[in-house]
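Colleague: I have a structure here, written as structure tokens, and I will follow up with some questions on it.
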Amino acid sequence: MLNKNLSIRVRLLLLIGFAAFATLCVLVYFAVSQRNYLLSEAKDGVHDTAMRIARDQTNVINFANQLDNLLVQFHNFGGLLPAKDCPQMLAQLLSQDSRLANILLADVRGNVFCNAVAVARPINIADREYFHKVLVNERGVVGKAIFSRTNGKWELPIAKRLLDRDGHVRGVLVVAIDLQWVNRELSHSIRQDARIGLIDSRGIVLARYPDAEKWVTRDASDTPFFKDLIAHFGTGNGESLGFDGVPRIYGYAHFADTTDGPIYLWVAVSRDSVTSQINQNLILTIAICVALLAALFGIVWFGSEWLLLRPISVITGVARRLGQGDHGVRTGLDYNNGEIGYLAQSIDKMAIALMSKNEILRLNRSLKLLSECNSALIRAEHEEQLLAIICHLAVETGGYVMAWVGYAEHNDAKTVRPIAQSGYEEGYLNGINITWADRQHGWGPTGTAIRTGTTVINQECLTNPKMAPWREAAIKRGYQSSIALPLICDKQILGALTIYAADPYAFGKEEQALLEELANDLAYGIQTLRARIEHDAAQRQLEFIANHDILTGLPNRLLLHDRFEQAMAHAKRENSEMAVLFLDLDNFNQVNDTLGHQVGDQLLVAVAERLQGCVRETDIISRPGGDEFVILLTNFNDQGSIDAIAQNIIEAFSEPFDVDSNILITSFSIGISIFPVDGSNFSSLLKHADTALYKAKDSGRNTYRYFSQQMKVNELEHMQLQGELRNAIRNQEFLLHYQPQIDVANGLIIGAEALVRWQHPERGLISPAKFIPLAERSGLIIPLGEWILNEACRQAQAWQAIYQHHPITVAVNLSALQFKRGDILESVKSALDNSGLPASQLELELTESVLLQDVESVMKTIHGLKEIGVRLSIDDFGTGYSSLSYLKRLAVDKLKIDQSFVRDMSVDPDDAAIVKAIIQLGHTLQLSVIAEGVENEDQLVILRNYGCDEIQGYLYSRPLPAEEFAAFVRSEKLHSKLLNKPS
């Protein structure tokens with residue numbers, strides 16, 4: 001029975017196949033019948049040929065008998081034929097028949113006396129078998145095939161007795177038949193593939209064509225061929241293997257009787273050659289039938305596709321999709337197409353009926369889902385929460401099996417990272433390995449939607465080839481269809497929302513449109529949340545910037561003030577104290593000026609980090625700006641805690657900083673004020689800490705000082721002095737004192753250092769230690785310095801006129817601020833021009849801090865001063881940071897040893913060693929060396945022994961007004977005093 005599941009197309013093909021098989025069987029039957037007929041014809045043909053050739057052999061024997069009668073009639077036969085006429089006559093007879101090989105006559109003793117073939121020597125045939133038999137046989141004999149001695153051919157001898165008139169045997173006539181005649185007969189009479197031969201009753205091959213040399217004389221008695229021939233009594237036809245093993249069709253005939261028995265003639269043709277044509281015809285017939293059948297199958301196959309199967313396939317496909325839940329599908333076929341059209345119309349009506357019910361329910365559910373998702377967009381506070389809610393609603397409200405959101409990663413693999421999901425997932429997202437690259441794992445709905453920016457629907461997981469990598473996992477979890485919706489924000493694809501349904505073909509056009517609207521709303525919601533986050537981050541950043549130092553991240557003054565207010569409220573409740581530490585980096589400007597602000601900023605960051613390790617977690621570090629830091633200390637019980645923190649800071653900054661391959665040493669000067677002793681509010685405490693800070697700087701820096709009320713008094717005094725200082729410059733309330741500089745070698749006064757004094761109209765003479773820092777801090781040092789320079793040059797020129805034989809060089813100090821902000825080169829030129837003082841009589845004393853500012857600018861200014869002819873010296877040498885390589889580049893003339901080293905060198909070996917090293921260094925660089933602050937004889941002796949060139953100090957004279965200095969120069973006491981000093 002036929003399988004009921006066979007398609008219509010297969011059934012048609014089977015029907016055509018049965019008809020074709022019957023036709024083929026008929027054709028084969030006729031082909032086989034024709035084949036048998038041809039075999040029969042071939043058998044009759046070879047038998048007829050054999051019989052015809054055998055009849056020809058009878059004619060040859062008759063010819064031999066006639067030849068015998070002819071010879072008998074010759075005259076004088078009793079003595080046989082004359083020898084001279086016999087050979088010619090026999091040769092003439094031989095030439096009349098090509099079947100004969102020879103004719104000869106022999107006497108009763110076998111001697112051949114007449115031969116149609118000329119031979120070179122006598123021949124005797126008495127040893128031939130047929131010769132003895134013919135002598136006693138009146139009828140004659142046919143001998144067996146022999147190899148002729150006369151012509152070297154295979155022959156069949158026919159012998160007859162020759163009798164005289166009296167009837168006595170006088171000799172023998174031998175007529176030899178050429179066995180090659182059979183071969184020649186065959187080549188002219190039968191087919192090319194035929195074989196012919198003679199075989200005797202013993203099975204010895206007497207002749208064969210072709211290949212006579214191969215087969216003649218061979219024994220074929222055991223071959224099927226010979227056995228079949230004997231079975232047919234030497235006549236008839238048959239089929240058997242020849243003695244060469246080839247199957248042939250044979251025809252047999254009696255050829256002749258010989259002394260050894262009969263000789264048979266056989267003719268054979270190859271059985272295959274006979275059947276080959278019919279076989280070819282049969283194969284050709286079958287091939288034609290197969291070709292026609294294939295053509296018919298093709299016509300039926302493709303014709304049925306267009307006429308029958310395609311519309312049926314459409315109808316069955318629609319029916320299957322209706323069963324799967326896709327109620328929007330239609331056949332689209334012509335209803336007027338007979339039974340098929342009627343069937344299509346019925347299916348479409350069914351689809352319309354189903355859709356009218358189910359599609360409305362699904363669309364209502366999708367509309368509800370869209371509405372609830374829009375509400376979620378308003379309620380969501382952050383992106384992850386929004387995505388989780390949307391996935392949850394897609395499952396709970398939309399009725400889908402699972403929903404998830406994946407974001408596109410912009411890495412080399414272009415992976416899709418799951419962000420949120422809801423529904424029956426069971427590890428599905430952990431193993432799907434989705435990418436949005438253009439390769440197999442990116443050809444699914446999610447990857448394609450992200451890559452192309454368009455909605456991608458997978459209506460059937462089971463058959464969709466692009467779902468191959470995930471099909472097994474999807475089917476296992478009941479995912480039959482899915483839709484992937486790209487999430488696009490500002491023309492950038494963030495990822496995709498992918499939804500799975502339990503039914504195939506679950507996503508119609510209307511539902512797709514609603515879900516696309518949902519995806520667009522979700523993308524807008526993501527964009528809105530991100531904008532809100534960016535806005536909040538920007539707001540936080542603005543708040544941070546408003547309350548923090550951008551460089552170090554520390555609280556600024558505004559935030560410090562707020563923290564102070566909180567800490568103060570707590571301190572009042574707890575009846576505790578607070579402390580404000582005002583820190584200022586020592587010599588920080590030198591770093592900015594020499595290495596640049598970038599290195600300076602890096603140093604400030606490193607300083608802030610190190611400060612964090614010096615205080616407690618509850619303490620607050622702030623950077624109001626520049627190189628200043630403020631620390632707010634809370635919750636301490638005694639001043640010892642403050643001392644410990646301040647000292648910890650001092651010690652921590654004794655370690656150098658490695659900034660951008662620069663080893664930097666810095667320190668802090670610290671001022672401290674305490675709440676509520678030194679102030680009850682932030683401003684007053686900060687101000688008082690700042691006051692204490694300047695006290696620490698005045699104390700040599702790298703230390704800390706507490707605020708005191710005396711500092712407040714001094715600060716008020718400083719403020720008053722700073723206000724009066726500007727008027728003092730304008731009213732020329734300053735005067736210069738001059739401290740002599742002595743040549744150690746000869747005791748002569750060689751110069752004087754100009755030192756400014758303030759002659760206050762009410763306070764009297766004010767020390768430079770009080771007003772010079774105020775002038776530096778307020779910037780008034782620049783106009784004050786110009787006045788000092790001009791006045792010193794004027795006074796030195798006045799002395800020059802008096803002491804022409806004894807020129808005196810005047811030394812003027814230049815501040816770092818004056819050198820940095822003033823046009824010092826023009827100021828010097830102006831002072832020299834206005835006074836008329838030779839430039840060689842002016843010496844400018846520069847501190848090392850001046851030299852560590854903008855190196856290129858400093859070098860340019862120094863070279864300009866040297867071109868004028870001014871002498872230069874480095875003041876307070878050894879207290880700064882000058883390197884030897886830098887010092888070598890400077891075109892200075894003198895080094896001044898700071899009095900801090902000279903003061904204790906007689907009792908402190910370290911100071912003595914430093915002084916000696918500075919003197920040796922100066923001489924090595926071909927500079928003169930002067931020591932300041934020389935106050936006793938021991939210091940003088942040491943300096944003289946070390947080779948110091950010049951000295952100044954109270955041992956010889958304090959700074960003097962110009963009139964007293966002039967008198968001092970005229971005095972002879974100093975000179976004699978120096979000359980009498982022991983060395």
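Residue names in the structure tokens use chain letters A, B, ... in the order shown, residue numbers from 1 in each chain, and ligand numbers from 1 in the order shown.
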Within 12 Å of Asn589 (chain A), counting only C-alpha atoms, which residues show up once you throw out same-chain ones fewer than 3 positions away? Write them as a ChimeraX atom specification, please.
Modeller: /A:584-586,592-597,599-601,603-604,626-628,666,816-817,820,849-850,852-854
Colleague: With distances taken over only C-alpha atoms, which of A:Leu895, A:Leu865, A:Ala294, A:Leu960 is nearest to Leu755 (chain A)?
Modeller: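 Closest to Leu755 (chain A), using only C-alpha atoms: A:Leu960.
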Colleague: Identify all residues of region 714-935 of chain A in strand (DSSP E or B) (DSSP on the backbone) and supply them as a count of residues only.
Modeller: 53
Colleague: Using only C-alpha atoms, which of A:Asp908, A:Glu845, A:Asp228, A:Glu510 sits nearest Ile249 (chain A)?
Modeller: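 Distance minimum relative to Ile249 (chain A) lands on A:Asp228.
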Colleague: Using only C-alpha atoms, which protein or nucleic acid residues come within 6 Å of region 401-407 of chain A? Drop anything in the same chain fewer than 6 positions from it, and give the result as a short mmCIF file (atom, residue, chain, number, x, y, z; two decimals) with all heavy atoms, in the first residue's frame.
Modeller:
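Here's the written file part-v4.cif:
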```
data_model
loop_
_atom_site.label_atom_id
_atom_site.label_comp_id
_atom_site.auth_asym_id
_atom_site.auth_seq_id
_atom_site.Cartn_x
_atom_site.Cartn_y
_atom_site.Cartn_z
N CYS A 391 10.77 45.44 30.83
CA CYS A 391 10.84 43.99 30.58
C CYS A 391 9.77 43.26 31.38
O CYS A 391 9.12 42.32 30.88
CB CYS A 391 12.23 43.47 30.93
SG CYS A 391 13.54 44.04 29.83
N VAL A 395 6.24 41.06 29.90
CA VAL A 395 5.88 39.68 30.24
C VAL A 395 4.52 39.62 30.92
O VAL A 395 3.65 38.83 30.55
CB VAL A 395 6.97 39.04 31.12
CG1 VAL A 395 6.56 37.67 31.60
CG2 VAL A 395 8.29 38.95 30.34
N VAL A 416 26.98 42.06 22.71
CA VAL A 416 25.75 42.66 23.22
C VAL A 416 25.63 42.29 24.69
O VAL A 416 25.56 41.10 25.03
CB VAL A 416 24.52 42.18 22.42
CG1 VAL A 416 23.26 42.79 23.00
CG2 VAL A 416 24.66 42.54 20.96
N ARG A 417 25.64 43.28 25.57
CA ARG A 417 25.64 43.04 27.01
C ARG A 417 24.22 43.13 27.56
O ARG A 417 23.57 44.19 27.47
CB ARG A 417 26.53 44.06 27.71
CG ARG A 417 26.56 43.95 29.23
CD ARG A 417 27.68 44.80 29.79
NE ARG A 417 27.58 46.18 29.35
CZ ARG A 417 26.93 47.13 30.04
NH1 ARG A 417 26.34 46.85 31.18
NH2 ARG A 417 26.91 48.38 29.58
N PRO A 418 23.66 42.03 28.14
CA PRO A 418 22.34 42.09 28.74
C PRO A 418 22.31 43.07 29.91
O PRO A 418 23.18 43.03 30.79
CB PRO A 418 22.08 40.65 29.20
CG PRO A 418 23.03 39.81 28.37
CD PRO A 418 24.23 40.66 28.16
N ILE A 419 21.29 43.94 29.95
CA ILE A 419 21.15 44.94 31.00
C ILE A 419 19.99 44.60 31.93
O ILE A 419 20.09 44.72 33.15
CB ILE A 419 20.96 46.34 30.39
CG1 ILE A 419 22.13 46.68 29.46
CG2 ILE A 419 20.84 47.39 31.49
CD1 ILE A 419 23.47 46.76 30.14
N ALA A 420 18.88 44.19 31.34
CA ALA A 420 17.69 43.85 32.13
C ALA A 420 16.92 42.75 31.41
O ALA A 420 16.98 42.64 30.18
CB ALA A 420 16.82 45.07 32.35
N GLN A 421 16.17 41.93 32.18
CA GLN A 421 15.35 40.88 31.59
C GLN A 421 14.24 40.51 32.55
O GLN A 421 14.32 40.76 33.75
CB GLN A 421 16.20 39.65 31.24
CG GLN A 421 16.71 38.85 32.43
CD GLN A 421 15.72 37.81 32.92
OE1 GLN A 421 14.89 37.34 32.14
NE2 GLN A 421 15.78 37.46 34.19
N SER A 422 13.19 39.89 31.99
CA SER A 422 12.09 39.40 32.80
C SER A 422 11.43 38.23 32.06
O SER A 422 11.48 38.16 30.82
CB SER A 422 11.06 40.51 33.05
OG SER A 422 9.99 40.04 33.85
N GLY A 423 10.84 37.31 32.82
CA GLY A 423 10.17 36.16 32.22
C GLY A 423 10.98 34.89 32.36
O GLY A 423 11.99 34.83 33.07
N TYR A 424 10.54 33.85 31.67
CA TYR A 424 11.18 32.54 31.75
C TYR A 424 12.47 32.56 30.93
O TYR A 424 12.44 32.52 29.70
CB TYR A 424 10.24 31.46 31.22
CG TYR A 424 10.82 30.07 31.32
CD1 TYR A 424 11.04 29.49 32.57
CD2 TYR A 424 11.13 29.35 30.18
CE1 TYR A 424 11.57 28.22 32.66
CE2 TYR A 424 11.65 28.08 30.26
CZ TYR A 424 11.88 27.52 31.51
OH TYR A 424 12.41 26.26 31.60
N LEU A 494 21.69 52.43 20.81
CA LEU A 494 22.20 52.01 22.11
C LEU A 494 22.20 50.49 22.24
O LEU A 494 23.12 49.90 22.81
CB LEU A 494 21.34 52.60 23.23
CG LEU A 494 21.24 54.12 23.29
CD1 LEU A 494 20.34 54.53 24.44
CD2 LEU A 494 22.62 54.75 23.45
N GLY A 495 21.18 49.85 21.73
CA GLY A 495 21.04 48.40 21.87
C GLY A 495 19.70 47.98 21.29
O GLY A 495 19.23 48.57 20.31
N ALA A 496 19.07 46.98 21.91
CA ALA A 496 17.81 46.47 21.38
C ALA A 496 16.97 45.91 22.51
O ALA A 496 17.48 45.39 23.51
CB ALA A 496 18.05 45.41 20.32
N LEU A 497 15.65 46.05 22.34
CA LEU A 497 14.66 45.37 23.19
C LEU A 497 14.18 44.14 22.42
O LEU A 497 13.64 44.26 21.33
CB LEU A 497 13.49 46.31 23.49
CG LEU A 497 12.24 45.66 24.12
CD1 LEU A 497 12.56 45.09 25.49
CD2 LEU A 497 11.11 46.67 24.21
N THR A 498 14.40 42.95 22.99
CA THR A 498 14.03 41.70 22.32
C THR A 498 12.94 41.01 23.13
O THR A 498 13.08 40.83 24.35
CB THR A 498 15.25 40.78 22.17
OG1 THR A 498 16.29 41.49 21.47
CG2 THR A 498 14.89 39.55 21.37
N ILE A 499 11.87 40.62 22.43
CA ILE A 499 10.70 40.00 23.08
C ILE A 499 10.45 38.64 22.43
O ILE A 499 10.50 38.51 21.20
CB ILE A 499 9.47 40.91 22.94
CG1 ILE A 499 9.74 42.28 23.60
CG2 ILE A 499 8.24 40.26 23.55
CD1 ILE A 499 8.63 43.29 23.38
N TYR A 500 10.15 37.62 23.26
CA TYR A 500 9.92 36.26 22.79
C TYR A 500 8.46 35.87 23.06
O TYR A 500 7.91 36.18 24.13
CB TYR A 500 10.86 35.27 23.48
CG TYR A 500 12.30 35.52 23.19
CD1 TYR A 500 13.04 36.45 23.93
CD2 TYR A 500 12.96 34.84 22.17
CE1 TYR A 500 14.37 36.69 23.66
CE2 TYR A 500 14.30 35.07 21.90
CZ TYR A 500 15.00 36.00 22.65
OH TYR A 500 16.31 36.23 22.38
N ALA A 501 7.86 35.17 22.08
CA ALA A 501 6.48 34.70 22.22
C ALA A 501 6.45 33.17 22.20
O ALA A 501 7.35 32.52 21.65
CB ALA A 501 5.62 35.27 21.09
#
```
Colleague: Where does DSSP see helix (DSSP H, G or I) in region 279-439 of chain A, if you list the residues as JSON, numbers by chain?
Modeller: {"A": [279, 280, 281, 282, 283, 284, 285, 286, 287, 288, 289, 290, 291, 292, 293, 294, 295, 296, 297, 298, 299, 300, 301, 302, 303, 304, 305, 306, 307, 308, 309, 310, 311, 312, 313, 314, 315, 316, 317, 318, 319, 320, 321, 322, 323, 338, 339, 340, 341, 342, 343, 344, 345, 346, 347, 348, 349, 350, 351, 352, 353, 354, 355, 356, 357, 358, 359, 360, 361, 362, 363, 364, 365, 366, 367, 368, 369, 370, 371, 372, 373, 374, 375, 376, 377, 378, 379, 383, 384, 385, 386, 387, 388, 389, 390, 391, 392, 393, 394, 395, 396, 428, 429, 430, 431]}
Colleague: Quick one: residues within 9 Å of Arg794 (chain A), only C-alpha atoms counted, chain neighbours fewer than 5 positions away excluded, as an NGL selection string?
Modeller: :A and (789 or 799 or 831-832 or 834-837)
Colleague: If you count only C-alpha atoms, which residues fall within 7 Å of Phe582 (chain A), apart from same-chain ones fewer than 4 positions away, as a PDB file with N, CA, C and O atoms, in the first residue's frame?
Modeller:
```
ATOM      1  N   PHE A 629      47.764  76.898  52.646  1.00  0.00           N
ATOM      2  CA  PHE A 629      46.858  75.843  53.089  1.00  0.00           C
ATOM      3  C   PHE A 629      46.355  76.207  54.487  1.00  0.00           C
ATOM      4  O   PHE A 629      47.075  76.861  55.267  1.00  0.00           O
ATOM      5  N   VAL A 630      45.129  75.790  54.783  1.00  0.00           N
ATOM      6  CA  VAL A 630      44.561  76.029  56.122  1.00  0.00           C
ATOM      7  C   VAL A 630      44.057  74.692  56.638  1.00  0.00           C
ATOM      8  O   VAL A 630      43.376  73.945  55.927  1.00  0.00           O
ATOM      9  N   ILE A 631      44.408  74.391  57.899  1.00  0.00           N
ATOM     10  CA  ILE A 631      43.968  73.150  58.535  1.00  0.00           C
ATOM     11  C   ILE A 631      43.099  73.516  59.730  1.00  0.00           C
ATOM     12  O   ILE A 631      43.493  74.330  60.574  1.00  0.00           O
ATOM     13  N   ILE A 670      54.142  78.061  59.607  1.00  0.00           N
ATOM     14  CA  ILE A 670      52.796  77.798  60.104  1.00  0.00           C
ATOM     15  C   ILE A 670      52.432  78.809  61.174  1.00  0.00           C
ATOM     16  O   ILE A 670      53.202  79.052  62.120  1.00  0.00           O
ATOM     17  N   GLY A 671      51.246  79.385  61.011  1.00  0.00           N
ATOM     18  CA  GLY A 671      50.688  80.237  62.046  1.00  0.00           C
ATOM     19  C   GLY A 671      49.452  79.603  62.639  1.00  0.00           C
ATOM     20  O   GLY A 671      48.638  79.031  61.909  1.00  0.00           O
ATOM     21  N   ILE A 672      49.295  79.690  63.984  1.00  0.00           N
ATOM     22  CA  ILE A 672      48.228  78.964  64.668  1.00  0.00           C
ATOM     23  C   ILE A 672      47.413  79.934  65.524  1.00  0.00           C
ATOM     24  O   ILE A 672      47.976  80.747  66.270  1.00  0.00           O
ATOM     25  N   ALA A 689      45.725  83.720  62.600  1.00  0.00           N
ATOM     26  CA  ALA A 689      46.653  82.669  62.173  1.00  0.00           C
ATOM     27  C   ALA A 689      47.587  83.193  61.100  1.00  0.00           C
ATOM     28  O   ALA A 689      48.773  82.823  61.061  1.00  0.00           O
ATOM     29  N   ASP A 690      47.080  84.066  60.227  1.00  0.00           N
ATOM     30  CA  ASP A 690      47.926  84.676  59.192  1.00  0.00           C
ATOM     31  C   ASP A 690      48.991  85.556  59.834  1.00  0.00           C
ATOM     32  O   ASP A 690      50.148  85.588  59.410  1.00  0.00           O
ATOM     33  N   LEU A 693      51.559  83.399  61.146  1.00  0.00           N
ATOM     34  CA  LEU A 693      52.338  82.842  60.031  1.00  0.00           C
ATOM     35  C   LEU A 693      53.510  83.758  59.675  1.00  0.00           C
ATOM     36  O   LEU A 693      54.646  83.288  59.480  1.00  0.00           O
TER      37      LEU A 693
END
```
Colleague: Could you pull the residues within 10 Å of Arg557 (chain A), counting only C-alpha atoms, minus those fewer than 3 positions along the same chain, as a VMD selection string?
Modeller: chain A and resid 546 to 549 554 560 to 563 622 to 625 629 to 630
Colleague: Save out the residues we just selected, all heavy atoms, as a compact mmCIF listing (two decimals), in the first residue's frame.
Modeller:
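Output (again-v6.txt):
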```txt
# COMPACT_ATOMS: atom_id res chain seq x y z
N ALA A 546 32.55 75.01 43.21
CA ALA A 546 32.27 76.17 44.05
C ALA A 546 32.83 76.00 45.46
O ALA A 546 33.09 77.00 46.15
CB ALA A 546 30.76 76.40 44.11
N ASN A 547 33.02 74.75 45.88
CA ASN A 547 33.42 74.51 47.26
C ASN A 547 34.78 73.84 47.40
O ASN A 547 35.19 73.56 48.53
CB ASN A 547 32.37 73.65 47.97
CG ASN A 547 31.05 74.36 48.13
OD1 ASN A 547 30.90 75.20 49.02
ND2 ASN A 547 30.10 74.06 47.27
N HIS A 548 35.44 73.58 46.28
CA HIS A 548 36.72 72.88 46.36
C HIS A 548 37.76 73.54 45.47
O HIS A 548 37.42 74.24 44.50
CB HIS A 548 36.58 71.41 45.94
CG HIS A 548 35.80 70.59 46.91
ND1 HIS A 548 34.42 70.60 46.94
CD2 HIS A 548 36.19 69.72 47.89
CE1 HIS A 548 33.98 69.78 47.88
NE2 HIS A 548 35.04 69.23 48.47
N ASP A 549 39.00 73.28 45.82
CA ASP A 549 40.11 73.71 44.98
C ASP A 549 40.24 72.73 43.82
O ASP A 549 40.33 71.50 44.03
CB ASP A 549 41.40 73.74 45.82
CG ASP A 549 42.62 73.94 44.96
OD1 ASP A 549 42.61 74.85 44.12
OD2 ASP A 549 43.59 73.16 45.13
N LEU A 554 40.92 69.78 47.46
CA LEU A 554 40.67 70.11 48.86
C LEU A 554 39.57 71.16 48.96
O LEU A 554 39.32 71.91 48.02
CB LEU A 554 41.96 70.64 49.49
CG LEU A 554 43.14 69.66 49.58
CD1 LEU A 554 44.37 70.37 50.11
CD2 LEU A 554 42.78 68.47 50.48
N LEU A 560 35.47 75.65 53.70
CA LEU A 560 36.13 75.66 55.01
C LEU A 560 35.34 76.51 56.00
O LEU A 560 35.20 76.14 57.18
CB LEU A 560 37.56 76.19 54.86
CG LEU A 560 38.36 76.29 56.16
CD1 LEU A 560 38.61 74.91 56.75
CD2 LEU A 560 39.70 77.00 55.91
N HIS A 561 34.85 77.63 55.52
CA HIS A 561 34.05 78.50 56.39
C HIS A 561 32.82 77.76 56.88
O HIS A 561 32.45 77.82 58.08
CB HIS A 561 33.66 79.77 55.63
CG HIS A 561 33.06 80.82 56.51
ND1 HIS A 561 32.66 82.04 56.03
CD2 HIS A 561 32.76 80.84 57.85
CE1 HIS A 561 32.16 82.78 57.03
NE2 HIS A 561 32.22 82.05 58.14
N ASP A 562 32.15 77.02 55.96
CA ASP A 562 30.96 76.28 56.34
C ASP A 562 31.30 75.19 57.35
O ASP A 562 30.57 75.01 58.35
CB ASP A 562 30.34 75.67 55.08
CG ASP A 562 29.10 74.85 55.40
OD1 ASP A 562 28.07 75.46 55.74
OD2 ASP A 562 29.17 73.61 55.30
N ARG A 563 32.38 74.44 57.09
CA ARG A 563 32.80 73.40 58.03
C ARG A 563 33.20 74.00 59.38
O ARG A 563 32.97 73.40 60.44
CB ARG A 563 33.97 72.60 57.44
CG ARG A 563 33.65 71.91 56.13
CD ARG A 563 32.76 70.72 56.32
NE ARG A 563 32.33 70.15 55.06
CZ ARG A 563 33.06 69.28 54.35
NH1 ARG A 563 34.26 68.92 54.76
NH2 ARG A 563 32.57 68.79 53.22
N SER A 622 42.30 72.59 53.85
CA SER A 622 41.76 73.47 52.82
C SER A 622 42.91 74.18 52.11
O SER A 622 43.98 74.40 52.70
CB SER A 622 40.80 74.49 53.44
OG SER A 622 40.45 75.49 52.49
N ARG A 623 42.64 74.49 50.83
CA ARG A 623 43.60 75.32 50.08
C ARG A 623 42.86 76.56 49.59
O ARG A 623 42.15 76.51 48.59
CB ARG A 623 44.18 74.55 48.89
CG ARG A 623 45.15 75.40 48.07
CD ARG A 623 45.80 74.60 46.97
NE ARG A 623 46.65 75.45 46.13
CZ ARG A 623 46.38 75.79 44.86
NH1 ARG A 623 45.30 75.32 44.27
NH2 ARG A 623 47.18 76.58 44.19
N PRO A 624 43.05 77.67 50.27
CA PRO A 624 42.38 78.91 49.82
C PRO A 624 42.90 79.40 48.48
O PRO A 624 42.17 80.02 47.71
CB PRO A 624 42.69 79.91 50.94
CG PRO A 624 43.11 79.07 52.12
CD PRO A 624 43.75 77.86 51.55
N GLY A 625 44.18 79.08 48.17
CA GLY A 625 44.75 79.52 46.90
C GLY A 625 46.26 79.63 47.01
O GLY A 625 46.85 79.60 48.10
N PHE A 629 47.76 76.90 52.65
CA PHE A 629 46.86 75.84 53.09
C PHE A 629 46.35 76.21 54.49
O PHE A 629 47.07 76.86 55.27
CB PHE A 629 47.56 74.48 53.14
CG PHE A 629 47.98 73.96 51.79
CD1 PHE A 629 49.18 74.37 51.22
CD2 PHE A 629 47.19 73.07 51.10
CE1 PHE A 629 49.57 73.90 49.98
CE2 PHE A 629 47.57 72.59 49.86
CZ PHE A 629 48.76 73.01 49.29
N VAL A 630 45.13 75.79 54.78
CA VAL A 630 44.56 76.03 56.12
C VAL A 630 44.06 74.69 56.64
O VAL A 630 43.38 73.94 55.93
CB VAL A 630 43.41 77.05 56.07
CG1 VAL A 630 42.78 77.19 57.46
CG2 VAL A 630 43.90 78.40 55.59
```
Colleague: Determine, counting only C-alpha atoms, which protein, DNA and RNA residues have an atom within 10 Å of an atom of Leu664 (chain A); residues of the same chain fewer than 6 positions away are not included. Present the result as a count of residues only.
Modeller: 6
